[in-house]
>>> print(open('start.cif').read())   # mmCIF, C-alpha atoms
data_entry
#
loop_
_atom_site.group_PDB
_atom_site.id
_atom_site.type_symbol
_atom_site.label_atom_id
_atom_site.label_comp_id
_atom_site.auth_asym_id
_atom_site.auth_seq_id
_atom_site.Cartn_x
_atom_site.Cartn_y
_atom_site.Cartn_z
ATOM 1 C CA MET A 62 0.000 0.000 0.000
ATOM 2 C CA SER A 63 1.368 3.384 -1.050
ATOM 3 C CA LYS A 64 1.536 6.157 1.527
ATOM 4 C CA SER A 65 1.054 8.860 -1.085
ATOM 5 C CA HIS A 66 -1.495 7.246 -3.382
ATOM 6 C CA ARG A 67 -5.067 6.266 -2.639
ATOM 7 C CA ARG A 68 -6.814 4.801 -5.654
ATOM 8 C CA ARG A 69 -10.437 5.202 -6.573
ATOM 9 C CA VAL A 70 -11.824 1.689 -6.090
ATOM 10 C CA ALA A 71 -15.346 2.396 -7.424
ATOM 11 C CA ALA A 72 -17.390 5.473 -8.340
ATOM 12 C CA GLY A 73 -17.224 7.748 -5.315
ATOM 13 C CA ARG A 74 -15.133 5.301 -3.269
ATOM 14 C CA TRP A 75 -11.426 5.366 -2.393
ATOM 15 C CA GLN A 76 -8.858 3.185 -0.662
ATOM 16 C CA GLU A 77 -8.535 4.053 3.032
ATOM 17 C CA VAL A 78 -11.356 6.610 2.965
ATOM 18 C CA ASP A 79 -14.298 5.826 5.255
ATOM 19 C CA VAL A 80 -17.857 6.537 4.171
ATOM 20 C CA LEU A 81 -19.330 8.599 7.002
ATOM 21 C CA GLU A 82 -22.728 9.872 8.023
ATOM 22 C CA TYR A 83 -23.355 13.286 6.491
ATOM 23 C CA LYS A 84 -24.516 14.630 9.840
ATOM 24 C CA GLN A 85 -25.612 13.146 13.098
ATOM 25 C CA ASP A 86 -29.111 11.761 12.635
ATOM 26 C CA GLY A 87 -31.774 14.216 13.760
ATOM 27 C CA SER A 88 -29.363 17.158 14.017
ATOM 28 C CA ALA A 89 -30.586 18.760 10.776
ATOM 29 C CA PRO A 90 -32.930 17.857 7.901
ATOM 30 C CA PHE A 91 -31.296 16.029 4.977
ATOM 31 C CA ARG A 92 -31.944 12.969 2.849
ATOM 32 C CA ASP A 93 -29.618 10.251 1.539
ATOM 33 C CA VAL A 94 -26.245 11.998 1.772
ATOM 34 C CA THR A 95 -22.847 10.496 2.622
ATOM 35 C CA ARG A 96 -19.624 12.281 3.562
ATOM 36 C CA GLN A 97 -15.988 11.307 3.009
ATOM 37 C CA VAL A 98 -12.922 13.263 4.063
ATOM 38 C CA LEU A 99 -10.406 13.015 1.207
ATOM 39 C CA PHE A 100 -7.713 15.322 2.568
ATOM 40 C CA GLU A 101 -7.260 16.459 6.157
ATOM 41 C CA ASP A 102 -3.734 17.293 7.267
ATOM 42 C CA PRO A 103 -2.306 19.535 10.023
ATOM 43 C CA ALA A 104 -0.052 21.008 7.304
ATOM 44 C CA LEU A 105 -3.067 22.003 5.184
ATOM 45 C CA ALA A 106 -5.253 24.976 6.129
ATOM 46 C CA CYS A 107 -8.276 23.452 4.371
ATOM 47 C CA GLN A 108 -10.112 20.155 4.181
ATOM 48 C CA LEU A 109 -11.324 18.525 0.995
ATOM 49 C CA ARG A 110 -14.446 16.453 1.466
ATOM 50 C CA TYR A 111 -16.584 14.405 -0.949
ATOM 51 C CA PHE A 112 -20.342 14.404 -0.510
ATOM 52 C CA GLU A 113 -22.660 12.171 -2.430
ATOM 53 C CA VAL A 114 -26.381 12.799 -2.587
ATOM 54 C CA ALA A 115 -28.318 9.704 -3.716
ATOM 55 C CA PRO A 116 -31.098 10.041 -6.326
ATOM 56 C CA ASN A 117 -33.923 12.213 -4.945
ATOM 57 C CA GLY A 118 -31.809 13.174 -1.931
ATOM 58 C CA HIS A 119 -30.822 16.616 -0.697
ATOM 59 C CA THR A 120 -28.311 18.272 1.610
ATOM 60 C CA THR A 121 -29.342 20.469 4.511
ATOM 61 C CA LEU A 122 -30.619 23.960 3.733
ATOM 62 C CA GLU A 123 -28.143 26.006 5.765
ATOM 63 C CA ARG A 124 -25.736 28.928 5.887
ATOM 64 C CA HIS A 125 -22.491 29.782 7.690
ATOM 65 C CA VAL A 126 -19.722 32.357 7.694
ATOM 66 C CA HIS A 127 -17.181 30.043 6.057
ATOM 67 C CA VAL A 128 -17.237 29.694 2.281
ATOM 68 C CA HIS A 129 -17.622 26.548 0.192
ATOM 69 C CA ALA A 130 -15.635 25.882 -2.971
ATOM 70 C CA VAL A 131 -17.347 23.038 -4.808
ATOM 71 C CA MET A 132 -16.625 20.934 -7.886
ATOM 72 C CA ILE A 133 -19.153 18.387 -9.115
ATOM 73 C CA VAL A 134 -17.332 15.134 -9.881
ATOM 74 C CA ARG A 135 -20.155 12.610 -10.301
ATOM 75 C CA GLY A 136 -23.650 12.766 -11.739
ATOM 76 C CA ARG A 137 -25.710 15.929 -11.789
ATOM 77 C CA GLY A 138 -28.251 17.919 -9.855
ATOM 78 C CA GLU A 139 -29.465 21.335 -8.861
ATOM 79 C CA CYS A 140 -28.270 23.910 -6.344
ATOM 80 C CA LEU A 141 -29.715 26.816 -4.492
ATOM 81 C CA VAL A 142 -27.091 29.442 -3.659
ATOM 82 C CA GLY A 143 -28.580 32.641 -2.247
ATOM 83 C CA GLU A 144 -31.005 34.037 -4.831
ATOM 84 C CA GLU A 145 -30.062 31.572 -7.563
ATOM 85 C CA ILE A 146 -31.161 28.063 -8.493
ATOM 86 C CA PHE A 147 -29.188 26.329 -11.230
ATOM 87 C CA ALA A 148 -28.513 22.920 -12.761
ATOM 88 C CA VAL A 149 -25.007 21.505 -12.291
ATOM 89 C CA GLY A 150 -23.102 18.784 -14.125
ATOM 90 C CA GLU A 151 -19.730 17.096 -13.973
ATOM 91 C CA HIS A 152 -16.769 19.427 -13.323
ATOM 92 C CA ASP A 153 -18.935 22.518 -12.834
ATOM 93 C CA LEU A 154 -17.689 24.882 -10.113
ATOM 94 C CA VAL A 155 -19.923 26.325 -7.394
ATOM 95 C CA GLN A 156 -18.949 29.016 -4.907
ATOM 96 C CA VAL A 157 -20.997 29.607 -1.753
ATOM 97 C CA PRO A 158 -20.261 33.043 -0.215
ATOM 98 C CA PRO A 159 -20.429 33.767 3.526
ATOM 99 C CA LEU A 160 -23.849 33.575 5.238
ATOM 100 C CA THR A 161 -25.603 32.487 2.049
ATOM 101 C CA TRP A 162 -28.423 29.934 2.157
ATOM 102 C CA HIS A 163 -27.586 26.897 0.050
ATOM 103 C CA GLN A 164 -28.879 23.440 -0.723
ATOM 104 C CA PHE A 165 -27.883 20.697 -3.201
ATOM 105 C CA ARG A 166 -30.394 18.251 -4.685
ATOM 106 C CA ALA A 167 -29.957 15.108 -6.788
ATOM 107 C CA PRO A 168 -32.482 14.275 -9.556
ATOM 108 C CA PRO A 169 -34.607 11.087 -9.423
ATOM 109 C CA ASP A 170 -32.350 9.217 -11.854
ATOM 110 C CA ALA A 171 -28.769 10.114 -10.851
ATOM 111 C CA PRO A 172 -26.597 10.754 -7.820
ATOM 112 C CA LEU A 173 -24.901 14.090 -7.217
ATOM 113 C CA GLY A 174 -21.309 13.714 -6.029
ATOM 114 C CA PHE A 175 -19.186 16.753 -5.305
ATOM 115 C CA LEU A 176 -15.928 17.892 -3.771
ATOM 116 C CA CYS A 177 -16.324 20.588 -1.127
ATOM 117 C CA LEU A 178 -13.339 22.607 0.019
ATOM 118 C CA VAL A 179 -13.555 24.423 3.370
ATOM 119 C CA ASN A 180 -11.187 26.064 5.830
ATOM 120 C CA ALA A 181 -10.033 23.622 8.497
ATOM 121 C CA GLU A 182 -11.119 26.173 11.122
ATOM 122 C CA ARG A 183 -14.693 27.190 10.487
ATOM 123 C CA ASP A 184 -17.994 28.073 12.152
ATOM 124 C CA ARG A 185 -20.932 25.697 12.527
ATOM 125 C CA PRO A 186 -23.842 25.814 10.054
ATOM 126 C CA GLN A 187 -27.003 27.739 10.922
ATOM 127 C CA LEU A 188 -30.467 26.375 10.120
ATOM 128 C CA PRO A 189 -33.288 28.628 8.916
ATOM 129 C CA ASP A 190 -35.865 29.746 11.497
ATOM 130 C CA ALA A 191 -39.529 30.496 10.662
ATOM 131 C CA GLU A 192 -38.708 34.034 9.559
ATOM 132 C CA ASP A 193 -35.826 32.873 7.339
ATOM 133 C CA LEU A 194 -38.070 30.244 5.758
ATOM 134 C CA ALA A 195 -40.805 32.803 5.089
ATOM 135 C CA ALA A 196 -38.232 35.005 3.338
ATOM 136 C CA LEU A 197 -36.851 32.061 1.341
ATOM 137 C CA ARG A 198 -40.401 31.077 0.309
ATOM 138 C CA SER A 199 -41.317 34.588 -0.836
ATOM 139 C CA GLU A 200 -40.058 33.645 -4.310
ATOM 140 C CA PRO A 201 -42.092 30.835 -5.972
ATOM 141 C CA GLU A 202 -39.208 28.983 -7.692
ATOM 142 C CA ARG A 203 -37.237 28.945 -4.441
ATOM 143 C CA ALA A 204 -40.322 27.949 -2.426
ATOM 144 C CA ALA A 205 -40.751 24.929 -4.733
ATOM 145 C CA PHE A 206 -37.053 24.010 -4.592
ATOM 146 C CA ILE A 207 -36.214 23.974 -0.909
ATOM 147 C CA ARG A 208 -36.539 20.881 1.259
ATOM 148 C CA VAL A 209 -36.666 21.277 5.043
ATOM 149 C CA MET B 273 -23.956 34.896 -15.873
ATOM 150 C CA SER B 274 -24.228 33.391 -12.426
ATOM 151 C CA LYS B 275 -21.969 34.711 -9.678
ATOM 152 C CA SER B 276 -21.866 31.370 -7.911
ATOM 153 C CA HIS B 277 -21.721 28.956 -10.834
ATOM 154 C CA ARG B 278 -18.979 28.513 -13.429
ATOM 155 C CA ARG B 279 -19.760 25.764 -15.885
ATOM 156 C CA ARG B 280 -17.301 23.428 -17.480
ATOM 157 C CA VAL B 281 -17.358 24.480 -21.137
ATOM 158 C CA ALA B 282 -15.058 21.714 -22.467
ATOM 159 C CA ALA B 283 -12.759 19.074 -20.974
ATOM 160 C CA GLY B 284 -10.435 20.964 -18.614
ATOM 161 C CA ARG B 285 -11.970 24.354 -19.434
ATOM 162 C CA TRP B 286 -14.344 26.538 -17.402
ATOM 163 C CA GLN B 287 -16.277 29.788 -17.765
ATOM 164 C CA GLU B 288 -14.298 32.778 -16.450
ATOM 165 C CA VAL B 289 -11.170 30.726 -15.722
ATOM 166 C CA ASP B 290 -8.070 31.783 -17.651
ATOM 167 C CA VAL B 291 -5.616 29.231 -18.975
ATOM 168 C CA LEU B 292 -2.221 30.368 -17.658
ATOM 169 C CA GLU B 293 1.385 29.471 -18.197
ATOM 170 C CA TYR B 294 2.413 26.728 -15.752
ATOM 171 C CA LYS B 295 5.557 28.684 -14.837
ATOM 172 C CA GLN B 296 7.461 31.538 -16.311
ATOM 173 C CA ASP B 297 9.354 30.251 -19.326
ATOM 174 C CA GLY B 298 12.934 29.337 -18.458
ATOM 175 C CA SER B 299 12.388 29.488 -14.683
ATOM 176 C CA ALA B 300 12.296 25.694 -14.296
ATOM 177 C CA PRO B 301 12.274 22.629 -16.559
ATOM 178 C CA PHE B 302 8.819 21.382 -17.605
ATOM 179 C CA ARG B 303 7.049 20.366 -20.784
ATOM 180 C CA ASP B 304 3.525 21.089 -22.056
ATOM 181 C CA VAL B 305 1.751 22.027 -18.835
ATOM 182 C CA THR B 306 -1.017 24.597 -18.303
ATOM 183 C CA ARG B 307 -2.308 26.047 -15.035
ATOM 184 C CA GLN B 308 -5.760 27.331 -14.071
ATOM 185 C CA VAL B 309 -6.806 28.780 -10.724
ATOM 186 C CA LEU B 310 -10.274 27.404 -9.964
ATOM 187 C CA PHE B 311 -10.740 28.839 -6.473
ATOM 188 C CA GLU B 312 -8.834 31.697 -4.878
ATOM 189 C CA ASP B 313 -10.638 33.751 -2.262
ATOM 190 C CA PRO B 314 -9.455 35.911 0.668
ATOM 191 C CA ALA B 315 -11.978 33.978 2.795
ATOM 192 C CA LEU B 316 -10.361 30.639 1.872
ATOM 193 C CA ALA B 317 -7.038 29.562 3.403
ATOM 194 C CA CYS B 318 -6.205 27.395 0.358
ATOM 195 C CA GLN B 319 -6.200 27.647 -3.404
ATOM 196 C CA LEU B 320 -7.532 25.000 -5.749
ATOM 197 C CA ARG B 321 -5.697 24.858 -9.063
ATOM 198 C CA TYR B 322 -6.114 22.675 -12.150
ATOM 199 C CA PHE B 323 -2.999 21.570 -14.020
ATOM 200 C CA GLU B 324 -3.067 19.790 -17.323
ATOM 201 C CA VAL B 325 -0.055 17.964 -18.688
ATOM 202 C CA ALA B 326 -0.357 17.295 -22.436
ATOM 203 C CA PRO B 327 0.569 13.840 -23.852
ATOM 204 C CA ASN B 328 4.284 13.186 -23.273
ATOM 205 C CA GLY B 329 4.587 16.261 -21.056
ATOM 206 C CA HIS B 330 5.804 16.524 -17.477
ATOM 207 C CA THR B 331 5.694 18.923 -14.537
ATOM 208 C CA THR B 332 8.839 20.263 -12.880
ATOM 209 C CA LEU B 333 10.779 17.899 -10.627
ATOM 210 C CA GLU B 334 10.717 19.908 -7.394
ATOM 211 C CA ARG B 335 10.075 19.959 -3.655
ATOM 212 C CA HIS B 336 8.852 22.489 -1.092
ATOM 213 C CA VAL B 337 7.737 22.709 2.523
ATOM 214 C CA HIS B 338 4.051 23.106 1.647
ATOM 215 C CA VAL B 339 2.036 19.971 0.921
ATOM 216 C CA HIS B 340 0.044 19.090 -2.185
ATOM 217 C CA ALA B 341 -3.342 17.393 -2.078
ATOM 218 C CA VAL B 342 -4.087 16.128 -5.584
ATOM 219 C CA MET B 343 -7.037 14.503 -7.329
ATOM 220 C CA ILE B 344 -6.727 13.327 -10.916
ATOM 221 C CA VAL B 345 -9.781 14.495 -12.855
ATOM 222 C CA ARG B 346 -8.831 13.882 -16.498
ATOM 223 C CA GLY B 347 -6.821 11.243 -18.302
ATOM 224 C CA ARG B 348 -4.028 9.332 -16.628
ATOM 225 C CA GLY B 349 -0.310 9.287 -16.038
ATOM 226 C CA GLU B 350 2.462 8.491 -13.622
ATOM 227 C CA CYS B 351 3.845 10.222 -10.545
ATOM 228 C CA LEU B 352 7.031 10.242 -8.598
ATOM 229 C CA VAL B 353 6.475 11.092 -4.932
ATOM 230 C CA GLY B 354 9.575 10.611 -2.808
ATOM 231 C CA GLU B 355 10.670 6.981 -3.134
ATOM 232 C CA GLU B 356 7.595 5.856 -5.043
ATOM 233 C CA ILE B 357 6.575 5.836 -8.700
ATOM 234 C CA PHE B 358 2.996 4.860 -9.461
ATOM 235 C CA ALA B 359 0.369 4.990 -12.195
ATOM 236 C CA VAL B 360 -2.627 7.246 -11.575
ATOM 237 C CA GLY B 361 -6.080 7.356 -13.127
ATOM 238 C CA GLU B 362 -9.249 9.381 -12.833
ATOM 239 C CA HIS B 363 -10.293 10.320 -9.275
ATOM 240 C CA ASP B 364 -7.157 8.828 -7.696
ATOM 241 C CA LEU B 365 -5.805 10.823 -4.745
ATOM 242 C CA VAL B 366 -2.147 11.786 -4.363
ATOM 243 C CA GLN B 367 -0.563 13.380 -1.299
ATOM 244 C CA VAL B 368 2.841 15.073 -1.510
ATOM 245 C CA PRO B 369 4.390 15.508 1.990
ATOM 246 C CA PRO B 370 6.715 18.397 2.926
ATOM 247 C CA LEU B 371 10.131 18.566 1.198
ATOM 248 C CA THR B 372 9.432 15.523 -0.964
ATOM 249 C CA TRP B 373 10.646 15.381 -4.584
ATOM 250 C CA HIS B 374 7.730 14.937 -6.956
ATOM 251 C CA GLN B 375 6.970 14.948 -10.663
ATOM 252 C CA PHE B 376 3.883 14.160 -12.753
ATOM 253 C CA ARG B 377 4.084 12.735 -16.280
ATOM 254 C CA ALA B 378 1.454 12.179 -18.986
ATOM 255 C CA PRO B 379 1.653 9.114 -21.265
ATOM 256 C CA PRO B 380 2.083 9.469 -25.063
ATOM 257 C CA ASP B 381 -1.614 8.915 -25.760
ATOM 258 C CA ALA B 382 -3.484 10.880 -23.076
ATOM 259 C CA PRO B 383 -3.372 14.111 -21.099
ATOM 260 C CA LEU B 384 -3.050 14.152 -17.330
ATOM 261 C CA GLY B 385 -5.340 16.708 -15.695
ATOM 262 C CA PHE B 386 -5.401 17.110 -11.930
ATOM 263 C CA LEU B 387 -6.676 19.324 -9.141
ATOM 264 C CA CYS B 388 -3.963 20.504 -6.763
ATOM 265 C CA LEU B 389 -4.874 21.973 -3.390
ATOM 266 C CA VAL B 390 -2.298 24.129 -1.585
ATOM 267 C CA ASN B 391 -2.215 26.593 1.280
ATOM 268 C CA ALA B 392 -2.697 30.170 0.062
ATOM 269 C CA GLU B 393 0.468 31.110 1.978
ATOM 270 C CA ARG B 394 3.281 28.814 0.961
ATOM 271 C CA ASP B 395 6.996 28.642 0.217
ATOM 272 C CA ARG B 396 8.502 28.618 -3.266
ATOM 273 C CA PRO B 397 9.528 25.332 -4.914
ATOM 274 C CA GLN B 398 13.153 24.180 -4.795
ATOM 275 C CA LEU B 399 14.855 22.608 -7.813
ATOM 276 C CA PRO B 400 17.295 19.680 -7.441
ATOM 277 C CA ASP B 401 21.016 20.491 -7.522
ATOM 278 C CA ALA B 402 23.679 18.076 -8.826
ATOM 279 C CA GLU B 403 23.892 16.239 -5.511
ATOM 280 C CA ASP B 404 20.095 15.869 -5.276
ATOM 281 C CA LEU B 405 19.986 14.544 -8.841
ATOM 282 C CA ALA B 406 22.727 12.015 -8.115
ATOM 283 C CA ALA B 407 20.745 10.778 -5.112
ATOM 284 C CA LEU B 408 17.514 10.621 -7.144
ATOM 285 C CA ARG B 409 19.309 8.689 -9.902
ATOM 286 C CA SER B 410 20.815 6.162 -7.491
ATOM 287 C CA GLU B 411 17.717 3.998 -8.026
ATOM 288 C CA PRO B 412 17.312 2.743 -11.650
ATOM 289 C CA GLU B 413 13.514 3.040 -11.937
ATOM 290 C CA ARG B 414 13.638 6.594 -10.610
ATOM 291 C CA ALA B 415 16.620 7.441 -12.815
ATOM 292 C CA ALA B 416 14.599 6.350 -15.862
ATOM 293 C CA PHE B 417 11.485 8.225 -14.735
ATOM 294 C CA ILE B 418 12.696 11.718 -13.943
ATOM 295 C CA ARG B 419 12.853 14.514 -16.516
ATOM 296 C CA VAL B 420 14.997 17.544 -15.861
#
>>> encode(input="start.cif", output="structure tokens")
Amino acid sequence: MSKSHRRRVAAGRWQEVDVLEYKQDGSAPFRDVTRQVLFEDPALACQLRYFEVAPNGHTTLERHVHVHAVMIVRGRGECLVGEEIFAVGEHDLVQVPPLTWHQFRAPPDAPLGFLCLVNAERDRPQLPDAEDLAALRSEPERAAFIRV
Amino acid sequence: MSKSHRRRVAAGRWQEVDVLEYKQDGSAPFRDVTRQVLFEDPALACQLRYFEVAPNGHTTLERHVHVHAVMIVRGRGECLVGEEIFAVGEHDLVQVPPLTWHQFRAPPDAPLGFLCLVNAERDRPQLPDAEDLAALRSEPERAAFIRV
């Protein structure tokens, strides 16, 4: 086994990388998402994680001060980032600015797998309260998109 | 144009991402490599770059204190990392520890495109001197692999 090389062993799976729960069950609303930490190193100021949303699944609708730098690497889906909703495909880049509501969704017939780069030191996500949700739902396309 | 979404427009090409010289010409030995900065943000402690080595090309043989976290995202090739030489393919992960000689090569019939994550603040690469090269060439497989 190489120290420096971890092979992909299947789509969205790597040698020596554990498939983890996305979040602790019940801590936040989500559906069918897994999390893997690809790079985490005291010498690196960021972490690179891989999230995979199964068909019909979605990540948590949330925001935080830290930014996300995302590249789609498997399948396709749709994202909400602030005011925008857009379709994403393989190798597309998505940037989530500070304190911006965001959510990723996979279509019925494909997974959505993406790399997500974050600072190693970062704040915890915030969930929307009733007032936030009312504001998010004030726009019909966004009201139809979000899952909570 | 979305602020948060930059689409892949072709293999190894993205909206609003310039294709740059890998290094200033003559500053270090390399062959047929391009560089693109995918994510660079004052709020992010790392940068995510995309390098593409054309068929038969190679990156610079170098080392530095900062670490590299690499994911292959296009084509295939071979890497030297320290004592090891190994073949890499799509979605494989490569980790380059501090002060470790490394070089990436593309085969004759395919490009090698990879993401490379680094700290935003980092030291400059060091090139091998005659003594370093003699040590690197003391092992036949490595002697045959390296390009300087």
>>> calpha_fit_and_write(input="start.cif", fixed="chain B", moving="chain A", output="CSV table (one decimal) with C-alpha atoms, in the frame of the given file")
chain,number,residue,atom,x,y,z
A,62,MET,CA,-24.0,34.9,-15.9
A,63,SER,CA,-24.2,33.4,-12.4
A,64,LYS,CA,-22.0,34.7,-9.7
A,65,SER,CA,-21.9,31.4,-7.9
A,66,HIS,CA,-21.7,29.0,-10.8
A,67,ARG,CA,-19.0,28.5,-13.4
A,68,ARG,CA,-19.8,25.8,-15.9
A,69,ARG,CA,-17.3,23.4,-17.5
A,70,VAL,CA,-17.4,24.5,-21.1
A,71,ALA,CA,-15.1,21.7,-22.5
A,72,ALA,CA,-12.8,19.1,-21.0
A,73,GLY,CA,-10.4,21.0,-18.6
A,74,ARG,CA,-12.0,24.4,-19.4
A,75,TRP,CA,-14.3,26.5,-17.4
A,76,GLN,CA,-16.3,29.8,-17.8
A,77,GLU,CA,-14.3,32.8,-16.5
A,78,VAL,CA,-11.2,30.7,-15.7
A,79,ASP,CA,-8.1,31.8,-17.6
A,80,VAL,CA,-5.6,29.2,-19.0
A,81,LEU,CA,-2.2,30.4,-17.7
A,82,GLU,CA,1.4,29.5,-18.2
A,83,TYR,CA,2.4,26.7,-15.8
A,84,LYS,CA,5.6,28.7,-14.8
A,85,GLN,CA,7.5,31.5,-16.3
A,86,ASP,CA,9.4,30.2,-19.3
A,87,GLY,CA,12.9,29.3,-18.5
A,88,SER,CA,12.4,29.5,-14.7
A,89,ALA,CA,12.3,25.7,-14.3
A,90,PRO,CA,12.3,22.6,-16.6
A,91,PHE,CA,8.8,21.4,-17.6
A,92,ARG,CA,7.0,20.4,-20.8
A,93,ASP,CA,3.5,21.1,-22.1
A,94,VAL,CA,1.7,22.0,-18.8
A,95,THR,CA,-1.0,24.6,-18.3
A,96,ARG,CA,-2.3,26.0,-15.0
A,97,GLN,CA,-5.8,27.3,-14.1
A,98,VAL,CA,-6.8,28.8,-10.7
A,99,LEU,CA,-10.3,27.4,-10.0
A,100,PHE,CA,-10.7,28.8,-6.5
A,101,GLU,CA,-8.8,31.7,-4.9
A,102,ASP,CA,-10.6,33.7,-2.3
A,103,PRO,CA,-9.4,35.9,0.7
A,104,ALA,CA,-12.0,34.0,2.8
A,105,LEU,CA,-10.4,30.6,1.9
A,106,ALA,CA,-7.0,29.6,3.4
A,107,CYS,CA,-6.2,27.4,0.4
A,108,GLN,CA,-6.2,27.6,-3.4
A,109,LEU,CA,-7.5,25.0,-5.7
A,110,ARG,CA,-5.7,24.9,-9.1
A,111,TYR,CA,-6.1,22.7,-12.1
A,112,PHE,CA,-3.0,21.6,-14.0
A,113,GLU,CA,-3.1,19.8,-17.3
A,114,VAL,CA,-0.1,18.0,-18.7
A,115,ALA,CA,-0.4,17.3,-22.4
A,116,PRO,CA,0.6,13.9,-23.8
A,117,ASN,CA,4.3,13.2,-23.3
A,118,GLY,CA,4.6,16.3,-21.1
A,119,HIS,CA,5.8,16.5,-17.5
A,120,THR,CA,5.7,18.9,-14.5
A,121,THR,CA,8.8,20.2,-12.9
A,122,LEU,CA,10.8,17.9,-10.6
A,123,GLU,CA,10.7,19.9,-7.4
A,124,ARG,CA,10.1,20.0,-3.7
A,125,HIS,CA,8.9,22.5,-1.1
A,126,VAL,CA,7.7,22.7,2.5
A,127,HIS,CA,4.1,23.1,1.7
A,128,VAL,CA,2.0,20.0,0.9
A,129,HIS,CA,0.0,19.1,-2.2
A,130,ALA,CA,-3.4,17.4,-2.1
A,131,VAL,CA,-4.1,16.1,-5.6
A,132,MET,CA,-7.0,14.5,-7.3
A,133,ILE,CA,-6.7,13.3,-10.9
A,134,VAL,CA,-9.8,14.5,-12.9
A,135,ARG,CA,-8.8,13.9,-16.5
A,136,GLY,CA,-6.8,11.2,-18.3
A,137,ARG,CA,-4.0,9.3,-16.6
A,138,GLY,CA,-0.3,9.3,-16.0
A,139,GLU,CA,2.5,8.5,-13.6
A,140,CYS,CA,3.8,10.2,-10.6
A,141,LEU,CA,7.0,10.2,-8.6
A,142,VAL,CA,6.5,11.1,-4.9
A,143,GLY,CA,9.6,10.6,-2.8
A,144,GLU,CA,10.7,7.0,-3.1
A,145,GLU,CA,7.6,5.9,-5.0
A,146,ILE,CA,6.6,5.8,-8.7
A,147,PHE,CA,3.0,4.9,-9.5
A,148,ALA,CA,0.4,5.0,-12.2
A,149,VAL,CA,-2.6,7.2,-11.6
A,150,GLY,CA,-6.1,7.4,-13.1
A,151,GLU,CA,-9.3,9.4,-12.8
A,152,HIS,CA,-10.3,10.3,-9.3
A,153,ASP,CA,-7.2,8.8,-7.7
A,154,LEU,CA,-5.8,10.8,-4.7
A,155,VAL,CA,-2.1,11.8,-4.4
A,156,GLN,CA,-0.6,13.4,-1.3
A,157,VAL,CA,2.8,15.1,-1.5
A,158,PRO,CA,4.4,15.5,2.0
A,159,PRO,CA,6.7,18.4,2.9
A,160,LEU,CA,10.1,18.6,1.2
A,161,THR,CA,9.4,15.5,-1.0
A,162,TRP,CA,10.6,15.4,-4.6
A,163,HIS,CA,7.7,14.9,-7.0
A,164,GLN,CA,7.0,14.9,-10.7
A,165,PHE,CA,3.9,14.2,-12.8
A,166,ARG,CA,4.1,12.7,-16.3
A,167,ALA,CA,1.4,12.2,-19.0
A,168,PRO,CA,1.6,9.1,-21.3
A,169,PRO,CA,2.1,9.5,-25.1
A,170,ASP,CA,-1.6,8.9,-25.8
A,171,ALA,CA,-3.5,10.9,-23.1
A,172,PRO,CA,-3.4,14.1,-21.1
A,173,LEU,CA,-3.0,14.2,-17.3
A,174,GLY,CA,-5.3,16.7,-15.7
A,175,PHE,CA,-5.4,17.1,-11.9
A,176,LEU,CA,-6.7,19.3,-9.1
A,177,CYS,CA,-4.0,20.5,-6.8
A,178,LEU,CA,-4.9,22.0,-3.4
A,179,VAL,CA,-2.3,24.1,-1.6
A,180,ASN,CA,-2.2,26.6,1.3
A,181,ALA,CA,-2.7,30.2,0.1
A,182,GLU,CA,0.5,31.1,2.0
A,183,ARG,CA,3.3,28.8,1.0
A,184,ASP,CA,7.0,28.6,0.2
A,185,ARG,CA,8.5,28.6,-3.3
A,186,PRO,CA,9.5,25.3,-4.9
A,187,GLN,CA,13.2,24.2,-4.8
A,188,LEU,CA,14.9,22.6,-7.8
A,189,PRO,CA,17.3,19.7,-7.4
A,190,ASP,CA,21.0,20.5,-7.5
A,191,ALA,CA,23.7,18.1,-8.8
A,192,GLU,CA,23.9,16.3,-5.5
A,193,ASP,CA,20.1,15.9,-5.3
A,194,LEU,CA,20.0,14.6,-8.8
A,195,ALA,CA,22.7,12.0,-8.1
A,196,ALA,CA,20.7,10.8,-5.1
A,197,LEU,CA,17.5,10.6,-7.1
A,198,ARG,CA,19.3,8.7,-9.9
A,199,SER,CA,20.8,6.2,-7.5
A,200,GLU,CA,17.7,4.0,-8.0
A,201,PRO,CA,17.3,2.8,-11.6
A,202,GLU,CA,13.5,3.0,-11.9
A,203,ARG,CA,13.6,6.6,-10.6
A,204,ALA,CA,16.6,7.5,-12.8
A,205,ALA,CA,14.6,6.4,-15.9
A,206,PHE,CA,11.5,8.2,-14.7
A,207,ILE,CA,12.7,11.7,-14.0
A,208,ARG,CA,12.8,14.5,-16.5
A,209,VAL,CA,15.0,17.5,-15.9
>>> residues_around(input="start.cif", residues="range 188-200 of chain A", least_positions_apart="6", cutoff="12 Å", atoms="all atoms listed in the file", output="list in words")
Ser88, Ala89, Pro90, Phe91, Thr120, Thr121, Leu122, Glu123, Arg124, His125, Leu141, Val142, Gly143, Glu144, Glu145, Ile146, Leu160, Thr161, Trp162, His163, Gln164, Phe206, Ile207, Arg208 and Val209 of chain A
>>> closest_atom_pairs(input="start.cif", of="chain A", to="chain B", cutoff="8 Å", atoms="all atoms listed in the file", output="CSV")
residue,atom,partner,partner_atom,distance
A:Ser63,CA,B:Glu356,CA,7.8
A:Ser65,CA,B:Gln367,CA,4.8
A:His66,CA,B:Val366,CA,4.7
A:Arg67,CA,B:Leu365,CA,5.1
A:Arg68,CA,B:Asp364,CA,4.5
A:Arg69,CA,B:Asp364,CA,5.0
A:Trp75,CA,B:Asp364,CA,7.6
A:Leu99,CA,B:Leu365,CA,7.8
A:Phe100,CA,B:Ala341,CA,6.7
A:Ala104,CA,B:Val339,CA,6.8
A:Leu105,CA,B:Asn391,CA,6.1
A:Ala106,CA,B:Ala317,CA,5.6
A:Cys107,CA,B:Cys318,CA,6.0
A:His127,CA,B:Ala315,CA,7.3
A:Val128,CA,B:Ala315,CA,6.8
A:Ala130,CA,B:Phe311,CA,6.7
A:Val142,CA,B:Ser276,CA,7.0
A:Glu145,CA,B:Ser274,CA,7.8
A:Phe147,CA,B:His277,CA,7.9
A:Val149,CA,B:Arg279,CA,7.7
A:Gly150,CA,B:Arg279,CA,7.9
A:Glu151,CA,B:Arg280,CA,7.6
A:His152,CA,B:Arg280,CA,5.8
A:Asp153,CA,B:Arg279,CA,4.5
A:Leu154,CA,B:Arg278,CA,5.1
A:Val155,CA,B:His277,CA,4.7
A:Gln156,CA,B:Ser276,CA,4.8
A:Val157,CA,B:Ser276,CA,6.5
A:Val179,CA,B:Leu316,CA,7.1
A:Asn180,CA,B:Ala317,CA,5.9
